$ cat data.cif   # mmCIF, C-alpha atoms
data_query
loop_
_atom_site.group_PDB
_atom_site.id
_atom_site.type_symbol
_atom_site.label_atom_id
_atom_site.label_comp_id
_atom_site.auth_asym_id
_atom_site.auth_seq_id
_atom_site.Cartn_x
_atom_site.Cartn_y
_atom_site.Cartn_z
ATOM 1 C CA MET A 9 -89.467 -23.602 -126.318
ATOM 2 C CA GLU A 10 -87.720 -21.756 -129.137
ATOM 3 C CA ILE A 11 -87.032 -24.109 -132.022
ATOM 4 C CA MET A 12 -85.148 -21.832 -134.393
ATOM 5 C CA LYS A 13 -82.750 -19.037 -133.437
ATOM 6 C CA PRO A 14 -81.454 -16.317 -135.748
ATOM 7 C CA GLY A 15 -78.083 -17.232 -137.198
ATOM 8 C CA SER A 16 -78.199 -20.855 -136.071
ATOM 9 C CA ASP A 17 -77.255 -23.681 -138.410
ATOM 10 C CA GLU A 18 -80.661 -24.992 -139.424
ATOM 11 C CA ARG A 19 -79.520 -28.440 -140.495
ATOM 12 C CA ASN A 20 -77.522 -29.047 -137.311
ATOM 13 C CA LEU A 21 -80.455 -27.832 -135.266
ATOM 14 C CA ILE A 22 -82.782 -30.273 -136.999
ATOM 15 C CA VAL A 23 -80.271 -33.079 -136.444
ATOM 16 C CA GLY A 24 -80.363 -32.256 -132.744
ATOM 17 C CA ILE A 25 -84.155 -32.386 -132.772
ATOM 18 C CA LEU A 26 -84.133 -35.767 -134.496
ATOM 19 C CA LEU A 27 -81.617 -37.187 -132.018
ATOM 20 C CA GLU A 28 -83.485 -36.100 -128.876
ATOM 21 C CA PHE A 29 -84.412 -39.387 -127.208
ATOM 22 C CA ARG A 30 -87.702 -38.478 -125.514
ATOM 23 C CA GLY A 31 -89.274 -36.928 -128.611
ATOM 24 C CA GLU A 32 -90.275 -33.670 -126.959
ATOM 25 C CA LYS A 33 -88.349 -31.521 -129.427
ATOM 26 C CA ILE A 34 -89.836 -33.150 -132.516
ATOM 27 C CA ARG A 35 -93.344 -32.635 -131.167
ATOM 28 C CA ALA A 36 -92.643 -28.970 -130.431
ATOM 29 C CA PHE A 37 -90.974 -28.520 -133.832
ATOM 30 C CA CYS A 38 -93.965 -29.920 -135.724
ATOM 31 C CA ARG A 39 -96.491 -28.081 -133.590
ATOM 32 C CA GLU A 40 -94.729 -24.735 -134.021
ATOM 33 C CA ARG A 41 -94.585 -25.070 -137.783
ATOM 34 C CA VAL A 42 -98.153 -26.244 -138.187
ATOM 35 C CA GLU A 43 -99.376 -23.333 -136.063
ATOM 36 C CA SER A 44 -97.358 -20.933 -138.218
ATOM 37 C CA GLY A 45 -99.203 -22.214 -141.302
ATOM 38 C CA MET A 46 -96.320 -24.116 -142.876
ATOM 39 C CA ASP A 47 -97.251 -26.820 -145.379
ATOM 40 C CA PRO A 48 -96.742 -30.308 -143.857
ATOM 41 C CA PHE A 49 -94.744 -31.357 -146.911
ATOM 42 C CA GLU A 50 -92.311 -28.487 -146.305
ATOM 43 C CA ILE A 51 -91.899 -29.700 -142.731
ATOM 44 C CA PHE A 52 -91.141 -33.194 -144.007
ATOM 45 C CA SER A 53 -88.582 -31.680 -146.374
ATOM 46 C CA GLU A 54 -86.847 -29.868 -143.517
ATOM 47 C CA LEU A 55 -86.683 -33.021 -141.439
ATOM 48 C CA GLN A 56 -85.472 -35.048 -144.421
ATOM 49 C CA LYS A 57 -82.391 -32.819 -144.632
ATOM 50 C CA GLY A 58 -81.578 -33.731 -141.057
ATOM 51 C CA LEU A 59 -82.001 -37.417 -141.823
ATOM 52 C CA GLU A 60 -79.662 -37.104 -144.783
ATOM 53 C CA GLU A 61 -77.038 -35.511 -142.525
ATOM 54 C CA ILE A 62 -77.330 -38.375 -140.056
ATOM 55 C CA GLY A 63 -77.240 -40.978 -142.821
ATOM 56 C CA GLY A 64 -74.161 -39.406 -144.383
ATOM 57 C CA GLY A 65 -72.399 -39.263 -141.029
ATOM 58 C CA TYR A 66 -73.208 -42.909 -140.442
ATOM 59 C CA GLU A 67 -71.803 -44.010 -143.793
ATOM 60 C CA ASP A 68 -68.582 -41.977 -143.506
ATOM 61 C CA ARG A 69 -66.102 -44.696 -142.541
ATOM 62 C CA THR A 70 -63.155 -42.292 -142.076
ATOM 63 C CA ASN A 71 -64.994 -39.799 -139.869
ATOM 64 C CA ARG A 72 -68.108 -41.567 -138.628
ATOM 65 C CA ARG A 73 -70.193 -39.090 -136.650
ATOM 66 C CA PHE A 74 -73.376 -41.113 -136.158
ATOM 67 C CA PHE A 75 -74.029 -44.714 -135.179
ATOM 68 C CA ASN A 76 -76.785 -47.366 -135.153
ATOM 69 C CA SER A 77 -78.354 -45.867 -132.039
ATOM 70 C CA ASP A 78 -78.619 -42.492 -133.804
ATOM 71 C CA LEU A 79 -80.366 -44.092 -136.799
ATOM 72 C CA ILE A 80 -82.832 -45.765 -134.444
ATOM 73 C CA VAL A 81 -83.621 -42.604 -132.466
ATOM 74 C CA SER A 82 -83.923 -40.380 -135.541
ATOM 75 C CA GLY A 83 -86.144 -42.956 -137.216
ATOM 76 C CA ARG A 84 -88.391 -43.098 -134.171
ATOM 77 C CA ASN A 85 -88.690 -39.316 -134.151
ATOM 78 C CA MET A 86 -89.529 -39.223 -137.858
ATOM 79 C CA LYS A 87 -92.333 -41.695 -137.216
ATOM 80 C CA ARG A 88 -93.590 -39.360 -134.491
ATOM 81 C CA ALA A 89 -93.496 -36.495 -136.988
ATOM 82 C CA ILE A 90 -95.427 -38.526 -139.571
ATOM 83 C CA ASP A 91 -98.117 -39.383 -137.017
ATOM 84 C CA LEU A 92 -98.360 -35.741 -135.934
ATOM 85 C CA LEU A 93 -98.473 -34.252 -139.439
ATOM 86 C CA LYS A 94 -100.573 -36.833 -141.280
ATOM 87 C CA PRO A 95 -103.914 -35.337 -140.107
ATOM 88 C CA TYR A 96 -102.898 -32.026 -141.683
ATOM 89 C CA LEU A 97 -102.284 -33.468 -145.137
ATOM 90 C CA PRO A 98 -105.019 -32.513 -147.629
ATOM 91 C CA ALA A 99 -106.779 -35.751 -148.565
ATOM 92 C CA ARG A 100 -107.804 -36.135 -152.195
ATOM 93 C CA SER A 101 -110.386 -38.569 -153.469
ATOM 94 C CA GLY A 102 -110.118 -40.570 -156.652
ATOM 95 C CA ASN A 103 -107.459 -42.876 -158.001
ATOM 96 C CA SER A 104 -104.400 -41.131 -159.395
ATOM 97 C CA GLY A 105 -102.740 -44.450 -160.169
ATOM 98 C CA THR A 106 -101.125 -47.373 -158.364
ATOM 99 C CA VAL A 107 -97.612 -47.170 -156.935
ATOM 100 C CA LEU A 108 -95.708 -50.231 -155.755
ATOM 101 C CA LEU A 109 -92.895 -49.239 -153.438
ATOM 102 C CA GLY A 110 -90.259 -50.742 -151.180
ATOM 103 C CA THR A 111 -86.767 -50.394 -149.750
ATOM 104 C CA VAL A 112 -84.291 -52.610 -151.591
ATOM 105 C CA ALA A 113 -82.614 -55.775 -150.294
ATOM 106 C CA GLY A 114 -80.090 -55.249 -147.518
ATOM 107 C CA ASP A 115 -81.547 -51.909 -146.448
ATOM 108 C CA VAL A 116 -83.843 -51.752 -143.413
ATOM 109 C CA HIS A 117 -84.533 -48.010 -143.469
ATOM 110 C CA ASP A 118 -88.159 -47.128 -144.024
ATOM 111 C CA ILE A 119 -88.630 -43.475 -143.051
ATOM 112 C CA GLY A 120 -88.107 -41.917 -146.489
ATOM 113 C CA LYS A 121 -90.290 -44.595 -148.040
ATOM 114 C CA THR A 122 -92.990 -44.036 -145.434
ATOM 115 C CA ILE A 123 -93.011 -40.276 -146.001
ATOM 116 C CA PHE A 124 -93.294 -40.836 -149.744
ATOM 117 C CA SER A 125 -96.123 -43.320 -149.194
ATOM 118 C CA VAL A 126 -98.063 -40.831 -147.066
ATOM 119 C CA THR A 127 -97.447 -38.108 -149.660
ATOM 120 C CA LEU A 128 -98.711 -40.302 -152.512
ATOM 121 C CA GLU A 129 -101.825 -41.377 -150.609
ATOM 122 C CA SER A 130 -102.674 -37.751 -149.816
ATOM 123 C CA GLU A 131 -102.727 -37.137 -153.574
ATOM 124 C CA GLY A 132 -105.109 -39.991 -154.302
ATOM 125 C CA PHE A 133 -102.609 -42.646 -155.342
ATOM 126 C CA ARG A 134 -103.185 -46.254 -154.358
ATOM 127 C CA VAL A 135 -100.007 -47.445 -152.615
ATOM 128 C CA ILE A 136 -98.809 -51.023 -152.236
ATOM 129 C CA ASP A 137 -95.951 -50.979 -149.723
ATOM 130 C CA LEU A 138 -93.688 -54.042 -149.808
ATOM 131 C CA GLY A 139 -91.759 -52.837 -146.764
ATOM 132 C CA ILE A 140 -88.015 -52.923 -146.146
ATOM 133 C CA ASP A 141 -85.193 -55.275 -147.194
ATOM 134 C CA VAL A 142 -87.261 -56.410 -150.184
ATOM 135 C CA PRO A 143 -85.606 -59.186 -152.236
ATOM 136 C CA ASN A 144 -85.215 -58.475 -155.940
ATOM 137 C CA ASP A 145 -87.536 -61.295 -156.963
ATOM 138 C CA ARG A 146 -90.240 -60.001 -154.611
ATOM 139 C CA PHE A 147 -90.349 -56.733 -156.566
ATOM 140 C CA VAL A 148 -90.686 -58.663 -159.828
ATOM 141 C CA ARG A 149 -93.419 -60.949 -158.483
ATOM 142 C CA ALA A 150 -95.342 -57.968 -157.117
ATOM 143 C CA VAL A 151 -95.166 -56.135 -160.460
ATOM 144 C CA ARG A 152 -96.551 -59.230 -162.155
ATOM 145 C CA GLU A 153 -99.230 -59.750 -159.492
ATOM 146 C CA HIS A 154 -100.480 -56.179 -159.004
ATOM 147 C CA GLY A 155 -99.744 -54.557 -162.365
ATOM 148 C CA PRO A 156 -98.853 -51.157 -160.867
ATOM 149 C CA ASP A 157 -98.467 -48.029 -162.962
ATOM 150 C CA ILE A 158 -95.318 -47.064 -161.056
ATOM 151 C CA LEU A 159 -92.568 -48.914 -159.204
ATOM 152 C CA SER A 160 -90.690 -46.860 -156.599
ATOM 153 C CA MET A 161 -87.516 -48.173 -154.955
ATOM 154 C CA SER A 162 -85.639 -46.557 -152.083
ATOM 155 C CA SER A 163 -82.082 -46.935 -150.751
ATOM 156 C CA LEU A 164 -80.324 -45.095 -147.948
ATOM 157 C CA LEU A 165 -77.011 -46.940 -148.172
ATOM 158 C CA THR A 166 -74.619 -46.874 -151.125
ATOM 159 C CA THR A 167 -73.873 -50.555 -150.496
ATOM 160 C CA THR A 168 -77.481 -51.510 -151.250
ATOM 161 C CA ARG A 169 -78.326 -49.262 -154.187
ATOM 162 C CA PRO A 170 -76.967 -51.711 -156.831
ATOM 163 C CA ALA A 171 -80.044 -53.826 -156.087
ATOM 164 C CA MET A 172 -82.118 -51.198 -157.900
ATOM 165 C CA GLY A 173 -80.327 -51.902 -161.162
ATOM 166 C CA GLU A 174 -80.653 -55.619 -160.567
ATOM 167 C CA VAL A 175 -84.425 -55.321 -160.132
ATOM 168 C CA ILE A 176 -84.721 -53.330 -163.355
ATOM 169 C CA GLN A 177 -82.703 -55.962 -165.223
ATOM 170 C CA ASP A 178 -84.826 -58.720 -163.676
ATOM 171 C CA LEU A 179 -87.928 -56.916 -164.954
ATOM 172 C CA VAL A 180 -86.369 -56.858 -168.421
ATOM 173 C CA ASN A 181 -85.617 -60.596 -168.216
ATOM 174 C CA ALA A 182 -89.182 -61.293 -167.085
ATOM 175 C CA GLY A 183 -90.672 -59.290 -169.967
ATOM 176 C CA LEU A 184 -92.217 -56.795 -167.524
ATOM 177 C CA ARG A 185 -90.025 -53.714 -167.913
ATOM 178 C CA ASP A 186 -92.309 -52.031 -170.428
ATOM 179 C CA THR A 187 -95.332 -52.503 -168.176
ATOM 180 C CA VAL A 188 -94.181 -50.270 -165.309
ATOM 181 C CA TRP A 189 -92.576 -46.839 -164.878
ATOM 182 C CA VAL A 190 -89.658 -46.897 -162.426
ATOM 183 C CA ILE A 191 -88.664 -44.070 -160.090
ATOM 184 C CA VAL A 192 -85.834 -44.384 -157.557
ATOM 185 C CA GLY A 193 -84.793 -42.260 -154.589
ATOM 186 C CA GLY A 194 -83.228 -42.160 -151.161
ATOM 187 C CA HIS A 195 -80.073 -40.778 -149.582
ATOM 188 C CA ALA A 196 -77.763 -43.063 -151.582
ATOM 189 C CA VAL A 197 -79.296 -42.278 -154.982
ATOM 190 C CA THR A 198 -78.432 -39.529 -157.453
ATOM 191 C CA GLU A 199 -79.772 -38.427 -160.823
ATOM 192 C CA HIS A 200 -76.662 -39.815 -162.508
ATOM 193 C CA PHE A 201 -77.034 -43.174 -160.799
ATOM 194 C CA SER A 202 -80.718 -43.431 -161.717
ATOM 195 C CA LYS A 203 -79.865 -42.921 -165.384
ATOM 196 C CA SER A 204 -77.009 -45.418 -165.244
ATOM 197 C CA ILE A 205 -79.316 -48.240 -164.108
ATOM 198 C CA GLY A 206 -82.087 -47.434 -166.582
ATOM 199 C CA ALA A 207 -84.649 -45.973 -164.203
ATOM 200 C CA ASP A 208 -87.272 -43.667 -165.701
ATOM 201 C CA ALA A 209 -86.930 -40.979 -163.035
ATOM 202 C CA TYR A 210 -85.171 -39.886 -159.864
ATOM 203 C CA GLY A 211 -86.950 -38.292 -156.917
ATOM 204 C CA SER A 212 -84.706 -35.992 -154.882
ATOM 205 C CA ASP A 213 -87.314 -35.865 -152.101
ATOM 206 C CA CYS A 214 -90.953 -36.798 -151.535
ATOM 207 C CA ILE A 215 -92.308 -33.659 -153.228
ATOM 208 C CA ASP A 216 -90.090 -34.048 -156.277
ATOM 209 C CA GLY A 217 -91.052 -37.730 -156.477
ATOM 210 C CA LEU A 218 -94.746 -36.880 -156.211
ATOM 211 C CA ARG A 219 -94.476 -34.247 -158.938
ATOM 212 C CA LYS A 220 -92.829 -36.689 -161.324
ATOM 213 C CA CYS A 221 -95.346 -39.444 -160.575
ATOM 214 C CA ARG A 222 -98.218 -37.046 -161.227
ATOM 215 C CA GLN A 223 -96.584 -35.876 -164.456
ATOM 216 C CA TYR A 224 -96.173 -39.440 -165.664
ATOM 217 C CA MET A 225 -99.805 -40.319 -164.893
ATOM 218 C CA ALA A 226 -100.973 -37.159 -166.701
ATOM 219 C CA GLU A 227 -99.011 -38.256 -169.772
ATOM 220 C CA LEU A 228 -100.724 -41.651 -169.684
ATOM 221 C CA ARG A 229 -104.082 -39.960 -169.912
#
$ encode --input "data.cif" --output "structure tokens"
Amino acid sequence: MEIMKPGSDERNLIVGILLEFRGEKIRAFCRERVESGMDPFEIFSELQKGLEEIGGGYEDRTNRRFFNSDLIVSGRNMKRAIDLLKPYLPARSGNSGTVLLGTVAGDVHDIGKTIFSVTLESEGFRVIDLGIDVPNDRFVRAVREHGPDILSMSSLLTTTRPAMGEVIQDLVNAGLRDTVWVIVGGHAVTEHFSKSIGADAYGSDCIDGLRKCRQYMAELR
């Protein structure tokens, strides 16, 4: 099947692939790109744009274009893509550092976090994944328990992103803020917002997040 056609809207096409219930299109999409020699991370980046479109359409209360069922189907297809592309990621040995990550309280979306986790592990990072809908105090306890180099928090919904600032303040109150470098990301997060809550960095996508984590670890050394 032909995945891309000249002159077609690439983002809308990817949205259609992500919303196909049986998963045949996502398999063909990934297979075609791998066979063409495309970097798996670039494929993730393409698919992430489609997810952002779906997420934005879901959050638009005045002109909602996508619904819970669309989030479920697109999430399932992204998991298929991760499973298909993971074997093609270049594994690196050694320990680049420890990253504690999770999706903040009230948010049950895990695809962006999962892609970032896979990306970090392929670069030799040790990843501790707290999962989704992580309470603020769980982040703080985990920082104290594991002593990670980096804390990464994700949010897809604008209604849940304030939890990121709350976690950072809780780390300050617990005397732990200076022990961990904080990077935030996800559909709901912007560079401006990350600065406003006192985060150390903002990752616009998994590759940008990886680059900044690697840069920070290089500075430590």
$ residues_around --input "data.cif" --residues "A:Gly114" --least-positions-apart "2" --cutoff "10 Å" --atoms "only C-alpha atoms" --output "tab-separated table (two decimals) with C-alpha atoms, keeping the file's coordinate frame"
chain	number	residue	atom	x	y	z
A	111	THR	CA	-86.77	-50.39	-149.75
A	112	VAL	CA	-84.29	-52.61	-151.59
A	116	VAL	CA	-83.84	-51.75	-143.41
A	117	HIS	CA	-84.53	-48.01	-143.47
A	140	ILE	CA	-88.02	-52.92	-146.15
A	141	ASP	CA	-85.19	-55.28	-147.19
A	142	VAL	CA	-87.26	-56.41	-150.18
A	143	PRO	CA	-85.61	-59.19	-152.24
A	163	SER	CA	-82.08	-46.94	-150.75
A	165	LEU	CA	-77.01	-46.94	-148.17
A	167	THR	CA	-73.87	-50.56	-150.50
A	168	THR	CA	-77.48	-51.51	-151.25
A	169	ARG	CA	-78.33	-49.26	-154.19
A	171	ALA	CA	-80.04	-53.83	-156.09
$ resolve_selection --input "data.cif" --expression "the PyMOL selection byres ((chain A and resi 205-207) around 10)" --output "list of chain:residue names"
A:Leu159, A:Ser160, A:Met161, A:Pro170, A:Ala171, A:Met172, A:Gly173, A:Glu174, A:Val175, A:Ile176, A:Gln177, A:Trp189, A:Val190, A:Ile191, A:Val192, A:Glu199, A:His200, A:Phe201, A:Ser202, A:Lys203, A:Ser204, A:Asp208, A:Ala209, A:Tyr210
$ atom_distance --input "data.cif" --atom1 "atom CA of A:Ser130" --atom2 "atom CA of A:Cys38"
18.3 Å
$ residues_around --input "data.cif" --residues "A:Thr127" --least-positions-apart "3" --cutoff "9 Å" --atoms "all atoms listed in the file" --output "list in words"
Phe49, Leu97, Thr122, Ile123, Phe124, Ser130, Glu131, Phe133, Cys214, Ile215 and Leu218 of chain A
$ residues_around --input "data.cif" --residues "A:Leu93" --least-positions-apart "2" --cutoff "12 Å" --atoms "only C-alpha atoms" --output "PyMOL selection string"
chain A and resi 34-43+46-52+86-91+95-98+123+126-127+130
$ closest_residue --input "data.cif" --among "A:Leu108, A:Arg134, A:Cys221, A:Leu164" --to "A:Leu79" --atoms "all atoms listed in the file"
A:Leu164
